[in-house]
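Participant: Handing you a structure now.
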Amino acid sequence: MRAIGLTEFGGPEVLRVLDLPEPVPGAGELRIRVHAASVNPTDTMLRTGAVRAWFNGRPGPYVPGMDAAGVVDAIGPDTDTALRPGDPVVAISNAYGPHGGAYAELVVVPAESVVPIPSGADFAAASTLLMNALTARVALDLLAVPAGRTVAVTGAAGAVGGYAVQLAKSDGLRVLADASAADTQLVTSLGADEVVLRGDGVAGRFRALVPDGVEAVLDGAALHELILPAVRDGGGLAVVRRWDGPVDRGIHLRPVLVTEAATDHARLLRLRDQASTGELTLRVADVLPADQAAQAHRRLAEGGVRGRLVLDFTVIRGDRGRSPFGGRG
């Protein structure tokens with residue numbers, strides 16, 4: 001099969017087409033024929049080698065991607081699932097595991113990491129759901145803010161932040177959020193009760209709305225120590241990128257590792273259902289052919305992307321003489 005991956009860490013230019021053996025699903029696993037794979041910041045961290053330790057010494061080549069949408073292609077032995085070959089699905093994959101990530105024609109994942117595609121969603125939109133929404137869900141569950149209390153979300157116009165706003169509102173929380181002037185309407189439309197200007201001094205602007213400090217912050221913008229003053233004494237701070245503090249005033253630091261929840265089938269089903277009913281908004285920034293993964297990584301690094309960039313693998317269907325990634329095969 002063909003995949004987009006790398007044999008050495010580096011800039012976007014290291015991404016290239018690889019010919020790899022077809023993965024075989026084992027017990028408890030499904031194989032998915034990928035139609036769309038979304039591009040996430042964690043994919044760029046894999047590419048640069050910033051988290052190479054997560055491979056535990058496994059040699060390359062490496063295939064990024066943690067979000068896939070497609071159809072069930074094969075079911076491994078002794079696999080308990082109601083899904084059948086041909087069913088349209090979404091999945092969260094572990095790019096650091098032995099099967100590699102979602103930038104591939106075929107991906108093998110645990111059956112618990114796969115759910116039916118949200119109702120009314122196409123493959124591109126569906127591929128933007130699970131990793132980002134699950135990150136937000138895990139963060140909110142770790143913070144455990146009681147209904148009626150106030151939580152602040154940074155990076156609210158981004159994919160994780162946008163889902164965090166919507167999930168927090170669904171949980172019955174009062175939601176404060178940050179946004180640029182250009183994104184204020186977007187973040188308000190996602191359900192934020194109050195929106196302050198992002199950037200320097202954002203913690204003080206949250207404090208102006210809640211003088212004693214918010215119950216907790218979900219830090220989608222990775223502001224870390226800069227957002228701590230917004231949190232009340234004894235409150236919580238959920239961080240989506242690795243940061244160990246220090247924190248003071250009895251604030252509880254809650255690191256979010258989404259891979260630890262990737263087989264929480266019940267939570268994934270709930271997110272799928274919320275996307276189906278419109279509680280969660282699927283946002284696609286752009287769809288690019290799979291061979292333009294390097295361009296997608298460059299655009300993500302430039303910032304300002306709202307929603308997710310998606311790699312389209314459907315061009316490989318039904319055209320045996322043409323390369324799926326451009327040119328002739």
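By convention in this document, the chains of the structure tokens carry letters A, B, ... by their order, each chain's residues are numbered from 1, and ligands are numbered from 1 in the order they are shown.
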I'd like to know which residues of segment 205-282 of chain A are strand (DSSP E or B) (by DSSP, run on the backbone); could you write them as an MDAnalysis selection string?
Facilitator: chainID A and resid 214:219 231:239 252:255
Participant: Sort by chain and increasing residue number a table of all residues of segment 160-217 of chain A within 12 Å of segment 130-146 of chain A, each with its closest pair of atoms and their distance in Å to one decimal, counting only C-alpha atoms, and write it as JSON lines.
Facilitator:
```
{"residue": "A:Val160", "atom": "CA", "partner": "A:Asn132", "partner_atom": "CA", "distance": 4.8}
{"residue": "A:Gly161", "atom": "CA", "partner": "A:Ala136", "partner_atom": "CA", "distance": 7.2}
{"residue": "A:Gly162", "atom": "CA", "partner": "A:Ala133", "partner_atom": "CA", "distance": 8.7}
{"residue": "A:Tyr163", "atom": "CA", "partner": "A:Ala133", "partner_atom": "CA", "distance": 5.5}
{"residue": "A:Ala164", "atom": "CA", "partner": "A:Ala136", "partner_atom": "CA", "distance": 4.9}
{"residue": "A:Val165", "atom": "CA", "partner": "A:Ala136", "partner_atom": "CA", "distance": 8.7}
{"residue": "A:Gln166", "atom": "CA", "partner": "A:Ala136", "partner_atom": "CA", "distance": 9.5}
{"residue": "A:Leu167", "atom": "CA", "partner": "A:Arg137", "partner_atom": "CA", "distance": 7.0}
{"residue": "A:Ala168", "atom": "CA", "partner": "A:Leu140", "partner_atom": "CA", "distance": 7.2}
{"residue": "A:Lys169", "atom": "CA", "partner": "A:Leu140", "partner_atom": "CA", "distance": 11.0}
{"residue": "A:Ser170", "atom": "CA", "partner": "A:Arg137", "partner_atom": "CA", "distance": 11.0}
{"residue": "A:Asp171", "atom": "CA", "partner": "A:Pro146", "partner_atom": "CA", "distance": 8.6}
{"residue": "A:Gly172", "atom": "CA", "partner": "A:Pro146", "partner_atom": "CA", "distance": 8.3}
{"residue": "A:Leu173", "atom": "CA", "partner": "A:Pro146", "partner_atom": "CA", "distance": 7.5}
{"residue": "A:Arg174", "atom": "CA", "partner": "A:Val145", "partner_atom": "CA", "distance": 10.1}
{"residue": "A:Val175", "atom": "CA", "partner": "A:Val145", "partner_atom": "CA", "distance": 11.2}
{"residue": "A:Val214", "atom": "CA", "partner": "A:Val145", "partner_atom": "CA", "distance": 10.2}
{"residue": "A:Glu215", "atom": "CA", "partner": "A:Val145", "partner_atom": "CA", "distance": 6.9}
{"residue": "A:Ala216", "atom": "CA", "partner": "A:Leu143", "partner_atom": "CA", "distance": 6.8}
{"residue": "A:Val217", "atom": "CA", "partner": "A:Leu143", "partner_atom": "CA", "distance": 8.4}
```
Participant: Please dump the current selection as a PDB file, in the first residue's frame; keep N, CA and C atoms.
Facilitator:
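As a result, again24.pdb now contains:
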```pdb
ATOM      1  N   VAL A 160      -9.506  22.014  18.833  1.00  0.00           N
ATOM      2  CA  VAL A 160      -9.715  21.540  20.196  1.00  0.00           C
ATOM      3  C   VAL A 160     -10.528  22.557  20.988  1.00  0.00           C
ATOM      4  N   GLY A 161     -10.148  23.822  20.882  1.00  0.00           N
ATOM      5  CA  GLY A 161     -10.848  24.855  21.628  1.00  0.00           C
ATOM      6  C   GLY A 161     -12.305  24.989  21.247  1.00  0.00           C
ATOM      7  N   GLY A 162     -12.593  24.885  19.954  1.00  0.00           N
ATOM      8  CA  GLY A 162     -13.983  24.977  19.516  1.00  0.00           C
ATOM      9  C   GLY A 162     -14.832  23.852  20.074  1.00  0.00           C
ATOM     10  N   TYR A 163     -14.304  22.629  20.022  1.00  0.00           N
ATOM     11  CA  TYR A 163     -15.032  21.500  20.614  1.00  0.00           C
ATOM     12  C   TYR A 163     -15.160  21.675  22.128  1.00  0.00           C
ATOM     13  N   ALA A 164     -14.128  22.224  22.773  1.00  0.00           N
ATOM     14  CA  ALA A 164     -14.180  22.423  24.218  1.00  0.00           C
ATOM     15  C   ALA A 164     -15.305  23.377  24.595  1.00  0.00           C
ATOM     16  N   VAL A 165     -15.462  24.456  23.842  1.00  0.00           N
ATOM     17  CA  VAL A 165     -16.557  25.392  24.107  1.00  0.00           C
ATOM     18  C   VAL A 165     -17.897  24.681  23.992  1.00  0.00           C
ATOM     19  N   GLN A 166     -18.089  23.929  22.918  1.00  0.00           N
ATOM     20  CA  GLN A 166     -19.380  23.281  22.705  1.00  0.00           C
ATOM     21  C   GLN A 166     -19.646  22.192  23.740  1.00  0.00           C
ATOM     22  N   LEU A 167     -18.636  21.409  24.085  1.00  0.00           N
ATOM     23  CA  LEU A 167     -18.826  20.348  25.069  1.00  0.00           C
ATOM     24  C   LEU A 167     -19.077  20.927  26.456  1.00  0.00           C
ATOM     25  N   ALA A 168     -18.363  22.001  26.797  1.00  0.00           N
ATOM     26  CA  ALA A 168     -18.573  22.625  28.103  1.00  0.00           C
ATOM     27  C   ALA A 168     -19.988  23.183  28.217  1.00  0.00           C
ATOM     28  N   LYS A 169     -20.487  23.787  27.164  1.00  0.00           N
ATOM     29  CA  LYS A 169     -21.870  24.279  27.183  1.00  0.00           C
ATOM     30  C   LYS A 169     -22.843  23.120  27.322  1.00  0.00           C
ATOM     31  N   SER A 170     -22.574  22.016  26.631  1.00  0.00           N
ATOM     32  CA  SER A 170     -23.425  20.842  26.740  1.00  0.00           C
ATOM     33  C   SER A 170     -23.412  20.286  28.163  1.00  0.00           C
ATOM     34  N   ASP A 171     -22.303  20.483  28.879  1.00  0.00           N
ATOM     35  CA  ASP A 171     -22.185  20.038  30.261  1.00  0.00           C
ATOM     36  C   ASP A 171     -22.868  20.984  31.244  1.00  0.00           C
ATOM     37  N   GLY A 172     -23.419  22.091  30.746  1.00  0.00           N
ATOM     38  CA  GLY A 172     -24.100  23.038  31.620  1.00  0.00           C
ATOM     39  C   GLY A 172     -23.186  24.048  32.284  1.00  0.00           C
ATOM     40  N   LEU A 173     -22.021  24.304  31.692  1.00  0.00           N
ATOM     41  CA  LEU A 173     -21.067  25.248  32.262  1.00  0.00           C
ATOM     42  C   LEU A 173     -21.216  26.634  31.646  1.00  0.00           C
ATOM     43  N   ARG A 174     -20.833  27.641  32.404  1.00  0.00           N
ATOM     44  CA  ARG A 174     -20.647  28.976  31.847  1.00  0.00           C
ATOM     45  C   ARG A 174     -19.272  29.006  31.214  1.00  0.00           C
ATOM     46  N   VAL A 175     -19.183  29.440  29.967  1.00  0.00           N
ATOM     47  CA  VAL A 175     -17.934  29.340  29.219  1.00  0.00           C
ATOM     48  C   VAL A 175     -17.423  30.721  28.837  1.00  0.00           C
ATOM     49  N   VAL A 214     -11.586  31.955  37.532  1.00  0.00           N
ATOM     50  CA  VAL A 214     -12.476  30.910  37.021  1.00  0.00           C
ATOM     51  C   VAL A 214     -12.198  29.599  37.730  1.00  0.00           C
ATOM     52  N   GLU A 215     -13.191  28.708  37.705  1.00  0.00           N
ATOM     53  CA  GLU A 215     -13.050  27.402  38.326  1.00  0.00           C
ATOM     54  C   GLU A 215     -11.905  26.605  37.693  1.00  0.00           C
ATOM     55  N   ALA A 216     -11.777  26.729  36.373  1.00  0.00           N
ATOM     56  CA  ALA A 216     -10.740  25.978  35.665  1.00  0.00           C
ATOM     57  C   ALA A 216     -10.514  26.600  34.294  1.00  0.00           C
ATOM     58  N   VAL A 217      -9.352  26.294  33.729  1.00  0.00           N
ATOM     59  CA  VAL A 217      -9.009  26.708  32.365  1.00  0.00           C
ATOM     60  C   VAL A 217      -8.651  25.471  31.562  1.00  0.00           C
TER      61      VAL A 217
END
```
Participant: Find the spatial neighbours of Gln185 of chain A, counting only C-alpha atoms, within a cut-off of 12 Å - ignore same-chain residues fewer than 4 positions away - and output them as a ChimeraX atom specification.
Facilitator: /A:156-157,177-181,189-197
Participant: Output as a Markdown table one row per residue of segment 215-313 of chain A within 10 Å of segment 121-128 of chain A: the closest atom pair and its distance in Å to one decimal place, counting only C-alpha atoms, sorted by chain and residue number ascending.
Facilitator:
```
| residue | atom | partner | partner_atom | distance |
| --- | --- | --- | --- | --- |
| A:Arg272 | CA | A:Ala126 | CA | 9.0 |
| A:Ala275 | CA | A:Ala121 | CA | 8.6 |
| A:Ser276 | CA | A:Ala121 | CA | 7.8 |
| A:Thr281 | CA | A:Ala125 | CA | 9.4 |
| A:Leu282 | CA | A:Ala125 | CA | 5.7 |
| A:Arg283 | CA | A:Ala125 | CA | 6.5 |
| A:Val284 | CA | A:Ala125 | CA | 5.9 |
| A:Ala285 | CA | A:Ala125 | CA | 9.6 |
| A:Asp286 | CA | A:Ala124 | CA | 9.1 |
| A:Val287 | CA | A:Ala124 | CA | 7.3 |
| A:Gly307 | CA | A:Thr128 | CA | 7.9 |
| A:Arg308 | CA | A:Thr128 | CA | 6.2 |
| A:Leu309 | CA | A:Thr128 | CA | 8.4 |
| A:Val310 | CA | A:Ala124 | CA | 6.3 |
| A:Leu311 | CA | A:Ala124 | CA | 8.0 |
| A:Asp312 | CA | A:Ala124 | CA | 7.4 |
| A:Phe313 | CA | A:Ala124 | CA | 9.8 |
```
Participant: Give me the residues near segment 72-88 of chain A as an MDAnalysis selection string, where near means some atom within 8 Å (using only C-alpha atoms) and where sequence neighbours in that chain fewer than 3 positions away do not count.
Facilitator: chainID A and resid 24:33 69 111 116:117
Participant: Limited to N, CA, C and O atoms, could you put the picked residues into a file as a PDB file, in the first residue's frame?
Facilitator:
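selection32.pdb written:
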```pdb
ATOM      1  N   VAL A  24      -2.070  -6.110   8.473  1.00  0.00           N
ATOM      2  CA  VAL A  24      -3.027  -7.204   8.679  1.00  0.00           C
ATOM      3  C   VAL A  24      -3.655  -7.052  10.058  1.00  0.00           C
ATOM      4  O   VAL A  24      -2.935  -6.988  11.064  1.00  0.00           O
ATOM      5  N   PRO A  25      -4.981  -6.975  10.135  1.00  0.00           N
ATOM      6  CA  PRO A  25      -5.610  -6.824  11.457  1.00  0.00           C
ATOM      7  C   PRO A  25      -5.494  -8.095  12.280  1.00  0.00           C
ATOM      8  O   PRO A  25      -5.711  -9.200  11.785  1.00  0.00           O
ATOM      9  N   GLY A  26      -5.135  -7.926  13.536  1.00  0.00           N
ATOM     10  CA  GLY A  26      -5.060  -9.043  14.451  1.00  0.00           C
ATOM     11  C   GLY A  26      -6.314  -9.144  15.292  1.00  0.00           C
ATOM     12  O   GLY A  26      -7.344  -8.503  14.998  1.00  0.00           O
ATOM     13  N   ALA A  27      -6.248  -9.919  16.331  1.00  0.00           N
ATOM     14  CA  ALA A  27      -7.403 -10.091  17.214  1.00  0.00           C
ATOM     15  C   ALA A  27      -7.809  -8.750  17.807  1.00  0.00           C
ATOM     16  O   ALA A  27      -6.966  -7.985  18.283  1.00  0.00           O
ATOM     17  N   GLY A  28      -9.113  -8.455  17.727  1.00  0.00           N
ATOM     18  CA  GLY A  28      -9.631  -7.216  18.288  1.00  0.00           C
ATOM     19  C   GLY A  28      -9.385  -5.990  17.449  1.00  0.00           C
ATOM     20  O   GLY A  28      -9.609  -4.867  17.917  1.00  0.00           O
ATOM     21  N   GLU A  29      -8.965  -6.169  16.191  1.00  0.00           N
ATOM     22  CA  GLU A  29      -8.611  -5.026  15.349  1.00  0.00           C
ATOM     23  C   GLU A  29      -9.460  -4.973  14.072  1.00  0.00           C
ATOM     24  O   GLU A  29      -9.956  -5.995  13.598  1.00  0.00           O
ATOM     25  N   LEU A  30      -9.579  -3.771  13.530  1.00  0.00           N
ATOM     26  CA  LEU A  30     -10.223  -3.541  12.243  1.00  0.00           C
ATOM     27  C   LEU A  30      -9.225  -2.889  11.294  1.00  0.00           C
ATOM     28  O   LEU A  30      -8.354  -2.133  11.723  1.00  0.00           O
ATOM     29  N   ARG A  31      -9.377  -3.182  10.010  1.00  0.00           N
ATOM     30  CA  ARG A  31      -8.614  -2.460   8.993  1.00  0.00           C
ATOM     31  C   ARG A  31      -9.568  -1.538   8.250  1.00  0.00           C
ATOM     32  O   ARG A  31     -10.654  -1.960   7.825  1.00  0.00           O
ATOM     33  N   ILE A  32      -9.142  -0.298   8.085  1.00  0.00           N
ATOM     34  CA  ILE A  32      -9.968   0.724   7.435  1.00  0.00           C
ATOM     35  C   ILE A  32      -9.286   1.174   6.161  1.00  0.00           C
ATOM     36  O   ILE A  32      -8.078   1.436   6.143  1.00  0.00           O
ATOM     37  N   ARG A  33     -10.076   1.235   5.080  1.00  0.00           N
ATOM     38  CA  ARG A  33      -9.591   1.855   3.844  1.00  0.00           C
ATOM     39  C   ARG A  33      -9.857   3.346   3.974  1.00  0.00           C
ATOM     40  O   ARG A  33     -11.002   3.788   4.044  1.00  0.00           O
ATOM     41  N   ALA A  69     -11.044   8.743   8.411  1.00  0.00           N
ATOM     42  CA  ALA A  69     -12.415   8.382   8.053  1.00  0.00           C
ATOM     43  C   ALA A  69     -12.351   7.557   6.779  1.00  0.00           C
ATOM     44  O   ALA A  69     -11.553   7.835   5.883  1.00  0.00           O
ATOM     45  N   ALA A 111     -10.655  -2.238  17.504  1.00  0.00           N
ATOM     46  CA  ALA A 111     -12.075  -2.061  17.206  1.00  0.00           C
ATOM     47  C   ALA A 111     -12.717  -1.018  18.112  1.00  0.00           C
ATOM     48  O   ALA A 111     -13.643  -0.303  17.698  1.00  0.00           O
ATOM     49  N   PRO A 116     -19.194   4.408  13.929  1.00  0.00           N
ATOM     50  CA  PRO A 116     -19.818   4.790  12.656  1.00  0.00           C
ATOM     51  C   PRO A 116     -19.655   6.278  12.380  1.00  0.00           C
ATOM     52  O   PRO A 116     -19.577   7.104  13.304  1.00  0.00           O
ATOM     53  N   ILE A 117     -19.614   6.621  11.125  1.00  0.00           N
ATOM     54  CA  ILE A 117     -19.479   8.015  10.719  1.00  0.00           C
ATOM     55  C   ILE A 117     -20.680   8.818  11.221  1.00  0.00           C
ATOM     56  O   ILE A 117     -21.798   8.299  11.266  1.00  0.00           O
TER      57      ILE A 117
END
```
Participant: Between A:Val90, A:Val14, A:Leu223, A:Leu20, single out the one closest to His265 of chain A, counting only C-alpha atoms.
Facilitator: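 Counting only C-alpha atoms, the residue closest to His265 of chain A is A:Val90.
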Participant: Provide the atom CA of Ala147 of chain A to atom CA of Ala238 of chain A distance in Å, to one decimal place.
Facilitator: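 Answer for the atom CA of Ala147 of chain A to atom CA of Ala238 of chain A separation: 17.4 Å.
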Participant: Taking into account only C-alpha atoms, which residue in the set A:Pro21, A:Gly155, A:Gly213, A:Gly65 is nearest to Ile92 of chain A?
Facilitator: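 Checking each candidate against Ile92 of chain A, we get A:Gly65 as the closest.
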Participant: Pick out the closest residue to Leu269 of chain A from this set: A:Val115, A:Trp54, A:Val39, A:Asp212. Count only C-alpha atoms.
Facilitator: A:Val115
Participant: For each of A:Asp273, A:Glu105, A:Glu13, A:Asp67, take the minimum atom-to-atom distance to Ala293 of chain A, counting only C-alpha atoms, then give the residue where this is smallest.
Facilitator: A:Glu13
Participant: Apply DSSP to the structure's backbone, then extract all residues of segment 172-323 of chain A labelled helix (DSSP H, G or I) and return them as an NGL selection string.
Facilitator: :A and (181-189 or 202-209 or 224-226 or 228-230 or 258-261 or 265-277 or 290-302 or 314-316)
Participant: One decimal, in Å: what's the spacing between atom CA of Tyr96 of chain A and atom CA of Arg52 of chain A?
Facilitator: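 Spanning atom CA of Tyr96 of chain A to atom CA of Arg52 of chain A is a straight-line distance of 8.8 Å.
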Participant: Do you know which residues are at most 12 Å from Leu46 of chain A counting only C-alpha atoms, after dropping those on the same chain fewer than 6 positions away, and could you put them as a PyMOL selection string?
Facilitator: chain A and resi 5-12+14-15+39-40+52-55+60-66+94-96+100-101+297
Participant: How would the residues just picked look written out with N, CA, C and O atoms as a short mmCIF file (atom, residue, chain, number, x, y, z; two decimals), in the first residue's frame?
Facilitator:
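Final file, selection.cif:
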```cif
data_model
loop_
_atom_site.label_atom_id
_atom_site.label_comp_id
_atom_site.auth_asym_id
_atom_site.auth_seq_id
_atom_site.Cartn_x
_atom_site.Cartn_y
_atom_site.Cartn_z
N GLY A 5 4.69 9.38 4.54
CA GLY A 5 5.45 9.24 5.76
C GLY A 5 6.85 9.78 5.62
O GLY A 5 7.14 10.58 4.71
N LEU A 6 7.73 9.35 6.51
CA LEU A 6 9.08 9.88 6.55
C LEU A 6 10.05 8.81 7.02
O LEU A 6 9.68 7.89 7.77
N THR A 7 11.27 8.93 6.56
CA THR A 7 12.34 8.03 7.01
C THR A 7 13.37 8.77 7.85
O THR A 7 14.25 8.16 8.44
N GLU A 8 13.26 10.08 7.90
CA GLU A 8 14.10 10.91 8.77
C GLU A 8 13.28 12.09 9.25
O GLU A 8 12.37 12.55 8.55
N PHE A 9 13.57 12.55 10.44
CA PHE A 9 12.83 13.67 11.00
C PHE A 9 13.31 14.98 10.38
O PHE A 9 14.47 15.11 9.98
N GLY A 10 12.39 15.95 10.31
CA GLY A 10 12.78 17.23 9.75
C GLY A 10 11.58 18.09 9.40
O GLY A 10 10.50 17.95 9.98
N GLY A 11 11.77 18.98 8.43
CA GLY A 11 10.72 19.89 8.01
C GLY A 11 9.70 19.20 7.13
O GLY A 11 9.79 17.99 6.87
N PRO A 12 8.70 19.95 6.66
CA PRO A 12 7.65 19.35 5.83
C PRO A 12 8.17 18.59 4.62
O PRO A 12 7.54 17.65 4.16
N VAL A 14 10.34 16.40 4.36
CA VAL A 14 10.69 14.98 4.58
C VAL A 14 9.49 14.07 4.30
O VAL A 14 9.67 12.85 4.17
N LEU A 15 8.29 14.63 4.21
CA LEU A 15 7.11 13.82 3.92
C LEU A 15 7.12 13.40 2.45
O LEU A 15 7.29 14.23 1.56
N VAL A 39 -5.20 16.65 9.45
CA VAL A 39 -3.84 17.05 9.81
C VAL A 39 -3.90 17.81 11.13
O VAL A 39 -4.56 18.85 11.22
N ASN A 40 -3.21 17.30 12.14
CA ASN A 40 -3.22 17.87 13.48
C ASN A 40 -1.84 18.32 13.91
O ASN A 40 -0.83 17.82 13.38
N ARG A 52 10.06 11.84 19.47
CA ARG A 52 10.58 10.57 18.96
C ARG A 52 10.65 9.52 20.06
O ARG A 52 10.60 8.31 19.77
N ALA A 53 10.74 9.94 21.31
CA ALA A 53 10.79 8.98 22.42
C ALA A 53 9.53 8.14 22.48
O ALA A 53 9.55 7.02 23.01
N TRP A 54 8.42 8.65 21.95
CA TRP A 54 7.16 7.91 22.00
C TRP A 54 7.21 6.64 21.13
O TRP A 54 6.36 5.77 21.27
N PHE A 55 8.17 6.55 20.23
CA PHE A 55 8.30 5.35 19.41
C PHE A 55 8.99 4.21 20.16
O PHE A 55 9.04 3.09 19.64
N GLY A 60 12.07 3.63 11.79
CA GLY A 60 11.16 4.06 10.74
C GLY A 60 11.05 3.01 9.65
O GLY A 60 11.64 1.93 9.75
N PRO A 61 10.27 3.31 8.60
CA PRO A 61 9.64 4.60 8.35
C PRO A 61 8.46 4.87 9.29
O PRO A 61 7.87 3.94 9.84
N TYR A 62 8.12 6.15 9.42
CA TYR A 62 7.05 6.58 10.30
C TYR A 62 5.93 7.21 9.48
O TYR A 62 6.19 7.98 8.54
N VAL A 63 4.70 6.89 9.83
CA VAL A 63 3.52 7.42 9.15
C VAL A 63 2.72 8.24 10.15
O VAL A 63 2.22 7.69 11.14
N PRO A 64 2.60 9.56 9.95
CA PRO A 64 1.83 10.38 10.88
C PRO A 64 0.32 10.15 10.71
O PRO A 64 -0.13 9.39 9.84
N GLY A 65 -0.43 10.86 11.53
CA GLY A 65 -1.88 10.88 11.40
C GLY A 65 -2.58 10.11 12.50
O GLY A 65 -2.28 8.93 12.72
N MET A 66 -3.51 10.79 13.19
CA MET A 66 -4.25 10.15 14.27
C MET A 66 -5.76 10.17 14.03
O MET A 66 -6.51 9.65 14.85
N ASN A 94 -3.18 5.37 16.67
CA ASN A 94 -1.96 5.69 17.41
C ASN A 94 -0.79 5.64 16.44
O ASN A 94 -0.29 4.56 16.10
N ALA A 95 -0.36 6.80 15.99
CA ALA A 95 0.72 6.87 15.00
C ALA A 95 2.04 6.36 15.55
O ALA A 95 2.96 6.07 14.77
N TYR A 96 2.15 6.22 16.85
CA TYR A 96 3.41 5.78 17.46
C TYR A 96 3.42 4.27 17.70
O TYR A 96 4.42 3.72 18.14
N GLY A 100 1.44 2.22 12.73
CA GLY A 100 1.60 3.55 12.16
C GLY A 100 0.30 4.32 12.12
O GLY A 100 -0.74 3.87 12.63
N GLY A 101 0.36 5.50 11.49
CA GLY A 101 -0.75 6.43 11.55
C GLY A 101 -1.68 6.41 10.36
O GLY A 101 -1.65 5.51 9.52
N HIS A 297 1.23 20.73 6.11
CA HIS A 297 2.03 20.97 7.31
C HIS A 297 2.57 22.39 7.33
O HIS A 297 2.63 23.02 8.39
#
```
